[in-house]
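Just my_file.cif here, mmCIF, C-alpha atoms and all ligand atoms:
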data_upload
loop_
_atom_site.label_atom_id
_atom_site.label_comp_id
_atom_site.auth_asym_id
_atom_site.auth_seq_id
_atom_site.Cartn_x
_atom_site.Cartn_y
_atom_site.Cartn_z
CA MET X 1 9.01 -242.83 -87.77
CA ALA X 2 11.54 -240.46 -86.26
CA HIS X 3 14.46 -241.96 -84.35
CA PRO X 4 14.29 -241.27 -80.58
CA LEU X 5 17.46 -239.20 -80.93
CA GLU X 6 15.72 -236.95 -83.46
CA GLU X 7 12.84 -236.56 -81.06
CA LEU X 8 15.26 -235.58 -78.32
CA ARG X 9 16.86 -233.06 -80.67
CA ASP X 10 13.55 -231.45 -81.57
CA ALA X 11 12.53 -231.23 -77.93
CA ALA X 12 15.86 -229.69 -77.01
CA LEU X 13 15.69 -227.13 -79.81
CA ARG X 14 12.18 -226.16 -78.76
CA GLU X 15 13.21 -225.68 -75.13
CA ILE X 16 16.31 -223.73 -76.12
CA ASN X 17 14.10 -221.41 -78.09
CA GLU X 18 11.75 -221.02 -75.18
CA ALA X 19 14.50 -220.29 -72.63
CA ARG X 20 13.99 -216.74 -71.40
CA ASP X 21 17.32 -216.20 -69.66
CA GLU X 22 20.81 -217.65 -69.18
CA GLN X 23 19.72 -219.70 -66.19
CA SER X 24 16.90 -221.55 -67.91
CA LEU X 25 19.14 -222.05 -70.93
CA ASP X 26 21.73 -223.65 -68.72
CA ALA X 27 19.10 -225.97 -67.27
CA VAL X 28 18.24 -227.12 -70.79
CA ARG X 29 21.91 -227.72 -71.52
CA VAL X 30 22.31 -229.91 -68.44
CA ARG X 31 19.13 -231.83 -69.19
CA TYR X 32 20.15 -232.81 -72.73
CA LEU X 33 23.94 -232.69 -72.81
CA GLY X 34 24.83 -233.34 -69.16
CA ARG X 35 26.70 -236.51 -68.24
CA SER X 36 24.63 -239.63 -68.95
CA ARG X 37 21.55 -237.48 -69.48
CA GLY X 38 19.36 -237.12 -72.58
CA ILE X 39 21.52 -237.09 -75.66
CA SER X 40 24.69 -238.03 -73.84
CA ALA X 41 23.07 -241.18 -72.47
CA TRP X 42 22.91 -242.44 -76.04
CA GLY X 43 26.67 -242.44 -76.18
CA GLU X 44 26.67 -245.26 -73.64
CA GLN X 45 23.89 -247.18 -75.39
CA MET X 46 26.04 -247.33 -78.51
CA LYS X 47 27.92 -250.29 -77.06
CA THR X 48 24.77 -252.38 -77.05
CA LEU X 49 23.98 -251.78 -80.71
CA GLY X 50 24.56 -254.22 -83.51
CA LYS X 51 27.28 -253.90 -86.10
CA ASP X 52 25.02 -252.48 -88.80
CA GLU X 53 23.24 -250.01 -86.59
CA LYS X 54 26.34 -248.60 -84.87
CA PRO X 55 27.70 -246.33 -87.65
CA VAL X 56 24.25 -245.01 -88.53
CA VAL X 57 23.30 -244.17 -84.98
CA GLY X 58 26.83 -242.92 -84.27
CA LYS X 59 26.58 -240.37 -87.05
CA LEU X 60 23.10 -239.35 -85.98
CA LEU X 61 24.30 -238.93 -82.41
CA ASN X 62 27.11 -236.63 -83.52
CA ASP X 63 24.82 -234.56 -85.72
CA VAL X 64 22.22 -234.18 -82.98
CA ARG X 65 24.82 -233.26 -80.40
CA SER X 66 26.40 -230.55 -82.56
CA ALA X 67 23.01 -229.16 -83.61
CA VAL X 68 21.94 -228.79 -79.96
CA THR X 69 25.32 -227.40 -78.85
CA ALA X 70 25.28 -224.82 -81.64
CA ALA X 71 21.71 -223.79 -80.83
CA ILE X 72 22.61 -223.29 -77.16
CA GLU X 73 25.67 -221.23 -78.03
CA GLU X 74 23.67 -219.08 -80.41
CA ARG X 75 20.99 -218.45 -77.81
CA ALA X 76 23.61 -217.67 -75.11
CA GLN X 77 25.24 -215.20 -77.47
CA LYS X 78 21.89 -213.45 -77.86
CA PHE X 79 21.49 -213.18 -74.08
CA ARG X 80 24.97 -211.69 -73.73
CA ALA X 81 24.37 -209.13 -76.46
CA GLN X 82 21.05 -208.24 -74.90
CA LYS X 83 22.69 -207.73 -71.51
CA GLU X 84 25.25 -205.38 -73.03
CA SER X 85 22.74 -203.29 -74.88
CA ASP X 86 20.53 -203.11 -71.77
CA ALA X 87 23.50 -201.76 -69.80
CA LEU X 88 24.34 -199.25 -72.51
CA ALA X 89 20.74 -198.12 -72.76
CA GLU X 90 21.01 -196.78 -69.22
CA ILE X 91 23.90 -194.51 -70.19
CA ASP X 92 23.11 -191.14 -71.65
CA ILE X 93 26.19 -190.41 -73.70
CA SER X 94 25.13 -186.83 -74.24
CA LEU X 95 25.74 -186.07 -70.53
CA PRO X 96 29.13 -184.74 -69.35
CA GLY X 97 31.50 -187.32 -67.86
CA SER X 98 31.09 -188.27 -64.23
CA THR X 99 34.63 -188.38 -62.89
CA GLY X 100 34.51 -185.49 -60.47
CA PRO X 101 32.05 -183.28 -58.61
CA SER X 102 31.38 -180.02 -60.42
CA GLY X 103 33.71 -177.24 -59.52
CA ARG X 104 36.59 -179.64 -58.81
CA GLY X 105 37.68 -179.83 -62.41
CA LEU X 106 39.21 -176.88 -64.17
CA SER X 107 36.44 -176.24 -66.65
CA ALA X 108 33.75 -173.87 -65.46
CA ALA X 109 30.32 -175.40 -65.04
CA PRO X 110 27.74 -174.06 -67.48
CA ALA X 111 25.34 -171.64 -65.81
CA GLY X 112 22.69 -173.48 -63.82
CA TYR X 113 24.44 -176.85 -64.11
CA SER X 114 25.19 -178.54 -60.83
CA GLY X 115 26.03 -182.07 -61.94
CA TYR X 116 29.36 -183.70 -62.65
CA LEU X 117 32.14 -182.31 -64.79
CA PRO X 118 34.88 -184.22 -66.57
CA LEU X 119 38.24 -184.30 -64.84
CA GLU X 120 40.83 -182.25 -66.67
CA ARG X 121 43.73 -183.91 -68.39
CA GLY X 122 46.85 -183.70 -66.21
CA SER X 123 50.44 -182.98 -67.18
CA LEU X 124 53.89 -183.40 -65.68
CA HIS X 125 55.13 -181.03 -63.00
CA PRO X 126 57.89 -178.73 -64.34
CA LEU X 127 60.41 -180.40 -62.03
CA SER X 128 59.47 -183.82 -63.37
CA GLN X 129 59.83 -182.50 -66.91
CA MET X 130 63.26 -181.17 -66.00
CA LEU X 131 64.29 -184.49 -64.46
CA GLU X 132 63.08 -186.45 -67.48
CA ARG X 133 64.97 -184.22 -69.89
CA SER X 134 68.16 -184.45 -67.85
CA ILE X 135 67.97 -188.20 -67.32
CA GLU X 136 67.42 -188.68 -71.03
CA ILE X 137 70.62 -186.78 -71.86
CA PHE X 138 72.70 -188.76 -69.37
CA ARG X 139 71.25 -192.07 -70.52
CA ARG X 140 72.39 -191.28 -74.04
CA MET X 141 75.87 -190.89 -72.60
CA GLY X 142 75.69 -194.35 -71.05
CA PHE X 143 74.81 -193.52 -67.44
CA ALA X 144 72.62 -196.00 -65.57
CA ILE X 145 70.23 -194.93 -62.80
CA ALA X 146 71.08 -195.60 -59.15
CA ASP X 147 68.92 -195.06 -56.11
CA GLY X 148 69.23 -194.62 -52.36
CA PRO X 149 67.00 -193.79 -49.36
CA ASP X 150 65.99 -190.24 -48.40
CA ILE X 151 66.42 -191.21 -44.73
CA GLU X 152 70.12 -191.90 -44.32
CA ASP X 153 72.75 -192.61 -41.70
CA ASP X 154 75.44 -190.02 -41.12
CA TRP X 155 78.14 -192.34 -42.37
CA HIS X 156 76.74 -192.36 -45.93
CA CYS X 157 75.91 -188.67 -45.80
CA PHE X 158 79.14 -187.38 -44.28
CA ASP X 159 81.90 -189.70 -43.01
CA ALA X 160 82.21 -191.79 -46.17
CA LEU X 161 82.26 -188.55 -48.15
CA ASN X 162 85.32 -187.33 -46.27
CA THR X 163 83.27 -184.85 -44.27
CA PRO X 164 84.62 -184.72 -40.70
CA PRO X 165 82.43 -184.43 -37.58
CA GLU X 166 83.27 -180.75 -37.11
CA HIS X 167 82.01 -179.83 -40.59
CA PRO X 168 79.18 -177.22 -40.47
CA ALA X 169 76.89 -179.36 -42.66
CA ARG X 170 76.60 -181.74 -39.70
CA ASN X 171 75.31 -179.04 -37.41
CA GLU X 172 71.84 -179.57 -35.94
CA GLN X 173 70.86 -176.19 -37.32
CA ASP X 174 71.62 -177.30 -40.88
CA THR X 175 70.27 -180.82 -41.07
CA PHE X 176 67.05 -182.64 -40.13
CA TYR X 177 67.88 -185.38 -37.63
CA LEU X 178 65.57 -188.16 -36.54
CA PRO X 179 65.40 -189.18 -32.85
CA ASP X 180 67.31 -192.39 -33.67
CA GLY X 181 70.25 -190.41 -35.05
CA ARG X 182 69.49 -190.92 -38.71
CA LEU X 183 68.90 -187.88 -40.90
CA LEU X 184 67.27 -186.64 -44.08
CA ARG X 185 70.07 -186.71 -46.62
CA THR X 186 71.48 -183.25 -47.26
CA HIS X 187 72.57 -184.23 -50.76
CA THR X 188 72.28 -187.12 -53.20
CA SER X 189 76.04 -187.74 -52.93
CA THR X 190 75.07 -190.53 -50.50
CA VAL X 191 74.14 -192.61 -53.54
CA GLN X 192 77.73 -192.45 -54.81
CA ILE X 193 78.74 -194.42 -51.73
CA ARG X 194 75.86 -196.87 -51.97
CA ALA X 195 76.51 -197.50 -55.66
CA MET X 196 80.20 -198.24 -55.02
CA GLN X 197 79.38 -200.50 -52.08
CA ALA X 198 77.06 -202.45 -54.34
CA ALA X 199 79.34 -202.95 -57.34
CA PRO X 200 83.04 -202.86 -58.23
CA PRO X 201 84.35 -200.45 -60.86
CA PRO X 202 83.93 -199.46 -63.63
CA ILE X 203 80.78 -197.62 -62.68
CA ARG X 204 78.78 -194.92 -64.47
CA VAL X 205 75.59 -193.86 -62.71
CA ILE X 206 73.31 -190.93 -62.09
CA ALA X 207 71.05 -190.68 -59.04
CA PRO X 208 68.09 -188.32 -59.30
CA GLY X 209 66.31 -187.60 -56.03
CA ALA X 210 65.32 -185.26 -53.23
CA ALA X 211 67.64 -183.67 -50.66
CA TYR X 212 66.83 -181.76 -47.47
CA ARG X 213 68.30 -178.87 -45.52
CA ARG X 214 67.21 -176.74 -42.60
CA ASP X 215 67.46 -173.58 -44.64
CA GLU X 216 65.44 -170.48 -44.02
CA VAL X 217 62.80 -170.79 -46.76
CA ASP X 218 62.87 -167.96 -49.29
CA ALA X 219 62.72 -167.43 -53.07
CA THR X 220 65.84 -169.53 -53.64
CA HIS X 221 65.87 -171.88 -50.63
CA SER X 222 63.53 -174.73 -49.78
CA ALA X 223 63.69 -177.40 -47.08
CA GLN X 224 63.33 -180.01 -49.80
CA PHE X 225 64.96 -179.69 -53.19
CA HIS X 226 66.09 -182.00 -55.97
CA GLN X 227 69.41 -183.06 -57.35
CA ILE X 228 70.92 -185.34 -59.91
CA GLU X 229 74.09 -186.91 -58.63
CA GLY X 230 76.59 -188.37 -61.08
CA LEU X 231 79.50 -190.76 -60.63
CA TYR X 232 81.91 -192.18 -63.16
CA VAL X 233 84.79 -194.40 -62.03
CA ASP X 234 87.08 -196.18 -64.44
CA GLU X 235 90.75 -196.42 -65.35
CA ASN X 236 92.23 -193.12 -66.54
CA VAL X 237 89.18 -190.92 -65.96
CA SER X 238 90.40 -187.32 -65.96
CA VAL X 239 89.20 -183.75 -65.49
CA ALA X 240 88.90 -183.62 -69.29
CA ASP X 241 86.22 -186.35 -69.15
CA LEU X 242 84.42 -184.47 -66.39
CA LYS X 243 84.46 -181.22 -68.38
CA GLY X 244 83.46 -182.91 -71.63
CA THR X 245 80.52 -184.71 -70.04
CA LEU X 246 79.05 -181.72 -68.21
CA ASP X 247 79.77 -179.32 -71.05
CA LEU X 248 77.81 -181.53 -73.41
CA PHE X 249 75.01 -181.94 -70.86
CA MET X 250 74.60 -178.19 -70.40
CA ARG X 251 74.60 -177.52 -74.13
CA GLU X 252 72.04 -180.27 -74.74
CA LEU X 253 69.86 -178.78 -72.05
CA PHE X 254 70.20 -175.06 -72.64
CA GLY X 255 71.12 -174.95 -76.33
CA ALA X 256 74.24 -175.18 -78.46
CA ASP X 257 75.38 -171.62 -77.80
CA THR X 258 75.58 -172.17 -74.04
CA ALA X 259 78.91 -171.22 -72.48
CA VAL X 260 80.07 -173.37 -69.55
CA GLN X 261 82.68 -172.37 -66.97
CA PHE X 262 84.42 -174.48 -64.36
CA ARG X 263 85.55 -172.40 -61.40
CA PRO X 264 87.80 -173.88 -58.70
CA HIS X 265 85.93 -174.59 -55.49
CA TYR X 266 86.09 -176.82 -52.42
CA PHE X 267 84.13 -179.96 -51.62
CA PRO X 268 85.42 -182.48 -49.07
CA PHE X 269 84.70 -185.47 -51.31
CA THR X 270 86.41 -184.25 -54.48
CA GLU X 271 89.90 -182.99 -55.32
CA PRO X 272 90.16 -180.88 -57.37
CA SER X 273 86.64 -179.48 -57.08
CA PHE X 274 84.72 -177.03 -59.25
CA GLU X 275 81.53 -175.09 -59.43
CA ILE X 276 79.88 -175.00 -62.83
CA TYR X 277 78.49 -171.79 -64.26
CA VAL X 278 76.45 -171.44 -67.43
CA LYS X 279 75.56 -168.50 -69.64
CA SER X 280 73.21 -168.74 -72.59
CA LYS X 281 71.48 -166.24 -74.83
CA ALA X 282 68.48 -168.55 -74.89
CA LEU X 283 67.91 -167.83 -71.21
CA LYS X 284 66.28 -164.74 -69.85
CA ARG X 285 69.22 -164.06 -67.61
CA GLY X 286 71.34 -164.67 -70.72
CA GLU X 287 74.20 -162.30 -70.07
CA GLN X 288 74.76 -163.50 -66.52
CA TRP X 289 76.88 -166.43 -65.34
CA ILE X 290 74.69 -168.68 -63.20
CA GLU X 291 75.98 -171.38 -60.84
CA VAL X 292 74.23 -174.69 -61.52
CA ALA X 293 76.33 -177.55 -60.15
CA GLY X 294 79.24 -178.79 -58.08
CA CYS X 295 81.70 -181.38 -59.33
CA GLY X 296 85.20 -182.74 -59.09
CA MET X 297 87.49 -185.74 -59.13
CA VAL X 298 86.57 -188.33 -56.48
CA HIS X 299 88.82 -187.91 -53.43
CA PRO X 300 91.00 -190.98 -52.66
CA ALA X 301 89.67 -190.88 -49.09
CA VAL X 302 86.18 -191.64 -50.48
CA PHE X 303 87.50 -194.72 -52.29
CA GLU X 304 89.23 -195.80 -49.06
CA ALA X 305 86.02 -195.44 -47.05
CA VAL X 306 84.17 -197.56 -49.61
CA ASN X 307 86.93 -200.21 -49.58
CA ASN X 308 86.72 -200.34 -45.79
CA ALA X 309 82.98 -200.88 -45.89
CA ARG X 310 83.26 -203.46 -48.67
CA GLY X 311 86.12 -205.25 -46.96
CA ASP X 312 88.15 -205.41 -50.16
CA ASP X 313 90.38 -203.27 -52.34
CA ALA X 314 87.99 -202.95 -55.30
CA TYR X 315 88.33 -199.17 -55.45
CA ASP X 316 92.11 -199.04 -55.27
CA PRO X 317 92.85 -195.28 -55.64
CA ASP X 318 96.12 -196.09 -57.40
CA LYS X 319 94.27 -197.97 -60.10
CA TRP X 320 90.94 -196.18 -60.45
CA THR X 321 89.99 -192.55 -60.81
CA GLY X 322 86.60 -190.98 -61.16
CA PHE X 323 84.57 -187.84 -61.36
CA ALA X 324 81.38 -186.89 -59.54
CA PHE X 325 78.89 -184.09 -59.85
CA GLY X 326 75.72 -182.79 -58.24
CA LEU X 327 73.21 -180.79 -60.27
CA GLY X 328 70.53 -178.67 -58.61
CA MET X 329 67.35 -179.60 -60.42
CA ASP X 330 65.15 -176.86 -58.99
CA ARG X 331 67.82 -174.39 -59.91
CA LEU X 332 68.12 -175.70 -63.48
CA ALA X 333 64.34 -175.68 -63.93
CA MET X 334 64.12 -172.13 -62.58
CA ILE X 335 66.69 -170.97 -65.09
CA LEU X 336 65.32 -172.91 -68.03
CA PHE X 337 61.67 -171.98 -67.46
CA ASP X 338 62.42 -168.53 -66.02
CA ILE X 339 60.73 -169.25 -62.69
CA PRO X 340 61.38 -166.51 -60.11
CA ASP X 341 60.58 -168.33 -56.84
CA ILE X 342 61.44 -171.92 -55.76
CA ARG X 343 58.36 -172.03 -53.51
CA LEU X 344 56.14 -172.13 -56.61
CA PHE X 345 57.19 -175.76 -57.17
CA ALA X 346 55.48 -176.87 -53.98
CA GLN X 347 52.44 -174.62 -53.79
CA ASN X 348 50.30 -176.56 -56.25
CA ASP X 349 48.87 -173.39 -57.75
CA LEU X 350 47.19 -174.33 -61.02
CA ARG X 351 47.82 -170.88 -62.50
CA PHE X 352 51.52 -171.73 -62.21
CA LEU X 353 51.40 -175.41 -63.16
CA LEU X 354 49.18 -174.89 -66.20
CA GLN X 355 51.92 -172.86 -67.85
CA PHE X 356 53.92 -176.09 -68.20
CA ALA X 357 51.06 -178.35 -69.29
N1 LIG X 401 76.76 -182.64 -52.81
C1 LIG X 401 77.05 -181.26 -53.20
C2 LIG X 401 75.95 -180.35 -52.67
O1 LIG X 401 74.87 -180.80 -52.41
C3 LIG X 401 77.11 -181.13 -54.69
C4 LIG X 401 78.25 -181.85 -55.26
C5 LIG X 401 79.48 -181.23 -55.38
C6 LIG X 401 78.14 -183.18 -55.64
C7 LIG X 401 80.56 -181.88 -55.91
C8 LIG X 401 79.22 -183.85 -56.16
C9 LIG X 401 80.43 -183.17 -56.29
O2 LIG X 401 79.16 -185.11 -56.54
O3 LIG X 401 81.48 -183.84 -56.82
O4 LIG X 401 76.19 -179.19 -52.53
#
Serialized structure, structure tokens:
Amino acid sequence: MAHPLEELRDAALREINEARDEQSLDAVRVRYLGRSRGISAWGEQMKTLGKDEKPVVGKLLNDVRSAVTAAIEERAQKFRAQKESDALAEIDISLPGSTGPSGRGLSAAPAGYSGYLPLERGSLHPLSQMLERSIEIFRRMGFAIADGPDIEDDWHCFDALNTPPEHPARNEQDTFYLPDGRLLRTHTSTVQIRAMQAAPPPIRVIAPGAAYRRDEVDATHSAQFHQIEGLYVDENVSVADLKGTLDLFMRELFGADTAVQFRPHYFPFTEPSFEIYVKSKALKRGEQWIEVAGCGMVHPAVFEAVNNARGDDAYDPDKWTGFAFGLGMDRLAMILFDIPDIRLFAQNDLRFLLQFA
């Protein structure tokens, strides 16, 4: 005669086989394997068995339990697979993708088709491409990336950068002011100050970001444009380091035969100051010198302003020197990609953007 455990096993296997869905299968599992139910109840009865019977029934119990558990798992697996193939059966993979209403994507809808079209693959905006290329070159030279807010106070934008209240850049006609007196930064040089406030020298950072001016918008002026600021402060930093760094940057960007000129200029926050001009045969305007950046040696008054704000003497101008620069990204991209009008960057015209995809 079969042992009651074997009878339980056979009943369980039959019911597992008959289960039509996950729910009824789960009910079977609870009935036979649940705490002190069916098969599990036998675990407790073991204590009452005699010495001879115990090992025999113990083995049987284990065998029955694993047979039932395996059968349940196998059946559950079948239900899961079934569910997946049911879901897939509803998808017609011969239809176009359904990520956008027709006409929104770039591909033309086939004649007479009014369903969904796949969304086109995107690509980076030419300015983003330019930024990524530039950042990559500076990172290779050991510059870290620093950041600051677009909405600034006038101390970071002007005073700390040795720009006195009567300076034209501070005029209401030239800068966007908020009602609370803050402003949209007119250059990324603000991040020089923030970086020095945050950490003592030596420091070697670039700060890519947007800047704003109340310029009359035309082919070369935009109310928002982009810069990469650079700052390097250490012992014995000289104009030679400044020239070497930016010379290498320009030649990496525009090609090895690029000529770079440093022409004396004036900026309040650097002394001496220069404007950088490049000329390269690789560029359409190859035979022309084009101004691409401002730079110079950090003015001692800037270090003093930072020391004041920090409340220490970390940037002692007798001990530390540094160079700074500001590159016009829109400008560089326009030269490199031969783009005639700065407004194209913001107009979102796909005929323009697709040329850089
Ligand atoms: N901030 C200047 C501008 O927007 C550019 C510039 C010039 C940045 C000289 C610098 C610098 O760091 O040293 O016109």
Can you build me a table of stretch 104-194 of chain X residues sitting at most 9 Å from stretch 305-322 of chain X, with the closest atom pair per residue and its distance in Å to one decimal, using all atoms listed in the file, sorted by chain and residue number, as JSON lines?
{"residue": "X:Asp159", "atom": "CA", "partner": "X:Ala305", "partner_atom": "CA", "distance": 8.1}
{"residue": "X:Ala160", "atom": "CA", "partner": "X:Ala305", "partner_atom": "CA", "distance": 5.3}
{"residue": "X:Leu161", "atom": "CA", "partner": "X:Ala305", "partner_atom": "CA", "distance": 7.9}
{"residue": "X:Asn162", "atom": "CA", "partner": "X:Ala305", "partner_atom": "CA", "distance": 8.2}
{"residue": "X:Ile193", "atom": "CA", "partner": "X:Val306", "partner_atom": "CA", "distance": 6.6}
{"residue": "X:Arg194", "atom": "CA", "partner": "X:Val306", "partner_atom": "CA", "distance": 8.7}
Do you have, as JSON lines, the list of residues of chain X lying at most 9 Å from ligand LIG 401 (chain X), each with its nearest atom pair and that distance in Å to one decimal, counting all atoms listed in the file and ordered by chain then number?
{"residue": "X:Thr186", "atom": "CA", "partner": "X:LIG401", "partner_atom": "O1", "distance": 6.6}
{"residue": "X:His187", "atom": "CA", "partner": "X:LIG401", "partner_atom": "O1", "distance": 4.4}
{"residue": "X:Thr188", "atom": "CA", "partner": "X:LIG401", "partner_atom": "N1", "distance": 6.3}
{"residue": "X:Ser189", "atom": "CA", "partner": "X:LIG401", "partner_atom": "N1", "distance": 5.2}
{"residue": "X:Thr190", "atom": "CA", "partner": "X:LIG401", "partner_atom": "N1", "distance": 8.4}
{"residue": "X:Gln192", "atom": "CA", "partner": "X:LIG401", "partner_atom": "O2", "distance": 7.7}
{"residue": "X:Ala211", "atom": "CA", "partner": "X:LIG401", "partner_atom": "O1", "distance": 8.0}
{"residue": "X:Gln227", "atom": "CA", "partner": "X:LIG401", "partner_atom": "O1", "distance": 7.7}
{"residue": "X:Ile228", "atom": "CA", "partner": "X:LIG401", "partner_atom": "C6", "distance": 8.7}
{"residue": "X:Glu229", "atom": "CA", "partner": "X:LIG401", "partner_atom": "O2", "distance": 5.8}
{"residue": "X:Gly230", "atom": "CA", "partner": "X:LIG401", "partner_atom": "O2", "distance": 6.2}
{"residue": "X:Leu231", "atom": "CA", "partner": "X:LIG401", "partner_atom": "O2", "distance": 7.0}
{"residue": "X:Tyr266", "atom": "CA", "partner": "X:LIG401", "partner_atom": "C7", "distance": 8.3}
{"residue": "X:Phe267", "atom": "CA", "partner": "X:LIG401", "partner_atom": "C7", "distance": 5.9}
{"residue": "X:Pro268", "atom": "CA", "partner": "X:LIG401", "partner_atom": "C7", "distance": 8.4}
{"residue": "X:Phe269", "atom": "CA", "partner": "X:LIG401", "partner_atom": "O3", "distance": 6.6}
{"residue": "X:Thr270", "atom": "CA", "partner": "X:LIG401", "partner_atom": "O3", "distance": 5.5}
{"residue": "X:Glu271", "atom": "CA", "partner": "X:LIG401", "partner_atom": "O3", "distance": 8.6}
{"residue": "X:Ser273", "atom": "CA", "partner": "X:LIG401", "partner_atom": "C7", "distance": 6.6}
{"residue": "X:Phe274", "atom": "CA", "partner": "X:LIG401", "partner_atom": "C7", "distance": 7.2}
{"residue": "X:Glu275", "atom": "CA", "partner": "X:LIG401", "partner_atom": "C5", "distance": 7.6}
{"residue": "X:Ala293", "atom": "CA", "partner": "X:LIG401", "partner_atom": "C3", "distance": 6.6}
{"residue": "X:Gly294", "atom": "CA", "partner": "X:LIG401", "partner_atom": "C5", "distance": 3.6}
{"residue": "X:Cys295", "atom": "CA", "partner": "X:LIG401", "partner_atom": "O3", "distance": 3.5}
{"residue": "X:Gly296", "atom": "CA", "partner": "X:LIG401", "partner_atom": "O3", "distance": 4.5}
{"residue": "X:Met297", "atom": "CA", "partner": "X:LIG401", "partner_atom": "O3", "distance": 6.7}
{"residue": "X:Val298", "atom": "CA", "partner": "X:LIG401", "partner_atom": "O3", "distance": 6.8}
{"residue": "X:Phe323", "atom": "CA", "partner": "X:LIG401", "partner_atom": "O3", "distance": 6.8}
{"residue": "X:Ala324", "atom": "CA", "partner": "X:LIG401", "partner_atom": "O3", "distance": 4.1}
{"residue": "X:Phe325", "atom": "CA", "partner": "X:LIG401", "partner_atom": "O2", "distance": 3.5}
{"residue": "X:Gly326", "atom": "CA", "partner": "X:LIG401", "partner_atom": "C6", "distance": 3.6}
{"residue": "X:Leu327", "atom": "CA", "partner": "X:LIG401", "partner_atom": "C3", "distance": 6.8}
{"residue": "X:Gly328", "atom": "CA", "partner": "X:LIG401", "partner_atom": "O1", "distance": 7.9}
For this session: Select all residues near (59.8, -180.0, -57.7) (cut-off 12 Å, inclusive, file coordinates), counting all atoms listed in the file, and output them as a PyMOL selection string.
Result: chain X and resi 124-131+208-211+222-227+328-334+339+341-348+353
For this session: Tell me which of X:Ser123, X:Thr175, X:Gln355, X:Ser36 sits closest to X:Glu152, counting all atoms listed in the file.
Result: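 Once distances to X:Glu152 are computed over all atoms listed in the file, the minimum belongs to X:Thr175.
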Problem set entry | Given only C-alpha atoms as the counted atoms, nearest of X:Ala282, X:Val205, X:Val302, X:Ala357 to X:Ala144 |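 For X:Ala144, the nearest of the candidates is X:Val205.
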Problem set entry | Among listed residues X:Ala198, X:Arg213, X:Asp153, X:Ile290, nearest X:Ala169 (using only C-alpha atoms) |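 Checking each candidate against X:Ala169, we get X:Arg213 as the closest.
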Exercise. Which distance in Å separates atom CA of X:Pro272 and atom CA of X:Asp150, to one decimal?
Worked result: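 Straight-line distance from atom CA of X:Pro272 to atom CA of X:Asp150 works out to 27.4 Å.
In this comparison, which uses all atoms listed in the file, the residue of X:Pro340, X:Leu242, X:Met196, X:Asp257 approaching X:Asp218 most closely is X:Pro340.
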Problem set entry | Å distance separating atom CA of X:Tyr277 from atom CA of X:Ile137, one decimal place |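 Calculated distance between atom CA of X:Tyr277 and atom CA of X:Ile137 is 18.6 Å.
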For this session: May I have the residues within 12 Å of X:Arg139 as a PyMOL selection string, using all atoms listed in the file and disregarding those fewer than 6 positions away in the same chain?
Result: chain X and resi 131-133+145-146+204-207+230+245+249
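Between atom CA of X:Arg351 and atom CA of X:Arg285 the interatomic distance comes to 23.0 Å.
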Problem set entry | Residues near X:Leu61, cut-off 9 Å, all atoms listed in the file, skip fewer than 5 positions along chain, as a list in words |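 Using all atoms listed in the file, the neighbours found are Leu5, Glu6, Ile39, Ser40, Trp42, Gly43, Val56 and Ser66 of chain X.
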Would you kindly place N, CA, C and O atoms on stretch 180-187 of chain X and return the model as a PDB file, in the frame of the given file?
ATOM      1  N   ASP X 180      66.383-191.256 -33.743  1.00  0.00           N
ATOM      2  CA  ASP X 180      67.310-192.390 -33.670  1.00  0.00           C
ATOM      3  C   ASP X 180      68.690-192.066 -34.239  1.00  0.00           C
ATOM      4  O   ASP X 180      69.530-192.959 -34.377  1.00  0.00           O
ATOM      5  N   GLY X 181      68.924-190.789 -34.581  1.00  0.00           N
ATOM      6  CA  GLY X 181      70.250-190.410 -35.050  1.00  0.00           C
ATOM      7  C   GLY X 181      70.386-190.385 -36.559  1.00  0.00           C
ATOM      8  O   GLY X 181      71.339-189.838 -37.100  1.00  0.00           O
ATOM      9  N   ARG X 182      69.423-191.004 -37.247  1.00  0.00           N
ATOM     10  CA  ARG X 182      69.490-190.920 -38.710  1.00  0.00           C
ATOM     11  C   ARG X 182      69.072-189.510 -39.147  1.00  0.00           C
ATOM     12  O   ARG X 182      68.659-188.690 -38.330  1.00  0.00           O
ATOM     13  N   LEU X 183      69.174-189.246 -40.432  1.00  0.00           N
ATOM     14  CA  LEU X 183      68.900-187.880 -40.900  1.00  0.00           C
ATOM     15  C   LEU X 183      68.287-187.915 -42.295  1.00  0.00           C
ATOM     16  O   LEU X 183      68.310-188.942 -42.969  1.00  0.00           O
ATOM     17  N   LEU X 184      67.708-186.780 -42.694  1.00  0.00           N
ATOM     18  CA  LEU X 184      67.270-186.640 -44.080  1.00  0.00           C
ATOM     19  C   LEU X 184      68.492-186.228 -44.875  1.00  0.00           C
ATOM     20  O   LEU X 184      69.161-185.256 -44.513  1.00  0.00           O
ATOM     21  N   ARG X 185      68.812-186.963 -45.921  1.00  0.00           N
ATOM     22  CA  ARG X 185      70.070-186.710 -46.620  1.00  0.00           C
ATOM     23  C   ARG X 185      70.143-185.263 -47.103  1.00  0.00           C
ATOM     24  O   ARG X 185      69.170-184.705 -47.602  1.00  0.00           O
ATOM     25  N   THR X 186      71.308-184.656 -46.895  1.00  0.00           N
ATOM     26  CA  THR X 186      71.480-183.250 -47.260  1.00  0.00           C
ATOM     27  C   THR X 186      71.905-183.103 -48.706  1.00  0.00           C
ATOM     28  O   THR X 186      71.962-181.998 -49.239  1.00  0.00           O
ATOM     29  N   HIS X 187      72.243-184.220 -49.327  1.00  0.00           N
ATOM     30  CA  HIS X 187      72.570-184.230 -50.760  1.00  0.00           C
ATOM     31  C   HIS X 187      72.446-185.661 -51.285  1.00  0.00           C
ATOM     32  O   HIS X 187      72.408-186.623 -50.509  1.00  0.00           O
TER      33      HIS X 187
END
